[in-house]
Every structure is written in structure tokens, then in C-alpha cells.
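Asker: Below is a structure I'd like to ask you about.
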Amino acid sequence: MEIRGFTVKYSKNQATQRKSMKIQLQKQINELYKKAETHPNNKQIIHEIHVARSRLKNIMQYKTKGRILRSKVRWHEHGERNTRYSYGLEKRNFEKKTTTKLKLPNGSFTTDQSEILQEQMHFYKALYTSINHESSVANNDLPLFTENITPLENADKLSCEAGKSYPGRSP
């Protein structure tokens with residue numbers, strides 16, 4: 001507890017000194033402005049004004065940093081609370097991304113979550129399963145339209161003839 005008392009006393013002393021320095025600098029700046037009005041070409045007065053204003057600016061920046069820090073702490077401790085609106089919004093967004101009803105391949109509908117998950121798994125598994133092209137061509141499972149496919153060498157010649165260019169290729 002002794003350390004806390006010492007630091008509080010020290011901080012108050014420093015704050016008092018900064019406050020008195022701020023008042024003193026403001027008075028000095030006002031006096032220098034009055035002198036500058038009577039002697040506008042005196043470079044010494046202008047330099048003193050700049051020095052005093054920069055010292056006052058440093059004090060004000062220090063106070064501003066303290067205010068920012070205190071506001072961050074206050075926001076962190078007493079920050080925005082979740083409201084009924086935000087809870088409703090979260091619930092609505094969750095419901096939007098959940099599948100509640102699914103049409104099965106046989107034409108019927110289901111609302112059973114485990115069945116919906118199973119059907120989704122089968123659908124995506126079939127969608128992303130690679131097919132052996134050689135066996136499917138031999139079995140004529142997949143229609144191939146090879147007569148309309150142009151070899152790459154001919155495609156370059158055709159594009160150059162038509163005046164077209166592709167990114168990364170020069171005509």
C-alpha cells in the first residue's frame with residue numbers, strides 16, 4: 001500500500017506542475033503577442049512565441065494521450081452491451097444458413113436434420129468425386145465433343161489472324 005500512496009502523491013504533484021506550467025505558458029504567449037504587435041519585425045520575439053507554443057502543445061498532447069487512454073479503459077470496462085436487437089440479428093443469421101427442409105432425389109421432402117446432412121454429404125461427395133475419363137469414354141458414359149476443340153497451336157494462329165490478343169501472349 002505504501003507504493004500506491006507514493007505513486008498517487010507523485011502523480012498529483014506532476015499534474016499540478018503541468019497545470020501551473022500550462023497557465024504560465026499561456027500568460028507568456030499572450031505577453032509575447034502583445035510585444036509582437038508593437039515590434040512586428042523582432043525575430044527574437046517571434047522565436048520565443050514559437051518555443052512557448054511548442055512547449056504548450058507538448059503539454060496538451062500529453063493530456064490528450066491520457067484522455068484517450070482513459071476512454072479506452074472506460075470503453076473496455078463499460079463497453080457496448082449486446083441488445084435484444086443484436087441477439088435477434090444473430091439468431092436470424094443462424095437460421096438463414098441452416099437447411100430446414102430438403103427435397104430428396106425421389107421427389108419427397110424431409111425435415112429430419114440427420115437425413116438432410118446425409119443427403120448433403122452424398123450430393124457433395126458425388127459432385128467432387130473424380131471420374132476415370134478413360135473408363136467412362138470406353139463405356140460411353142460421358143458425351144465428348146472433341147470435334148469442336150481446337151489444338152492450342154491452332155488457337156494461337158486463329159487468335160493472331162483475328163487480331164485478338166490474350167493477356168500474357170503477344171500477337
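Chains: A, B, ... in order of the C-alpha cells. Residues: from 1 per chain. Ligands: from 1, in order shown.
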Please give the complete set of residues from stretch 13-143 of chain A that DSSP, run on the backbone, assigns to alpha helix (DSSP H), formatted as number ranges by chain.
Answerer: A: 13-38, 43-77, 84-96, 113-128, 133-138
Asker: To one decimal place, how far is atom CA of A:Asn41 from atom CA of A:Ile29 in Å?
Answerer: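 Going from atom CA of A:Asn41 over to atom CA of A:Ile29 covers 16.8 Å.
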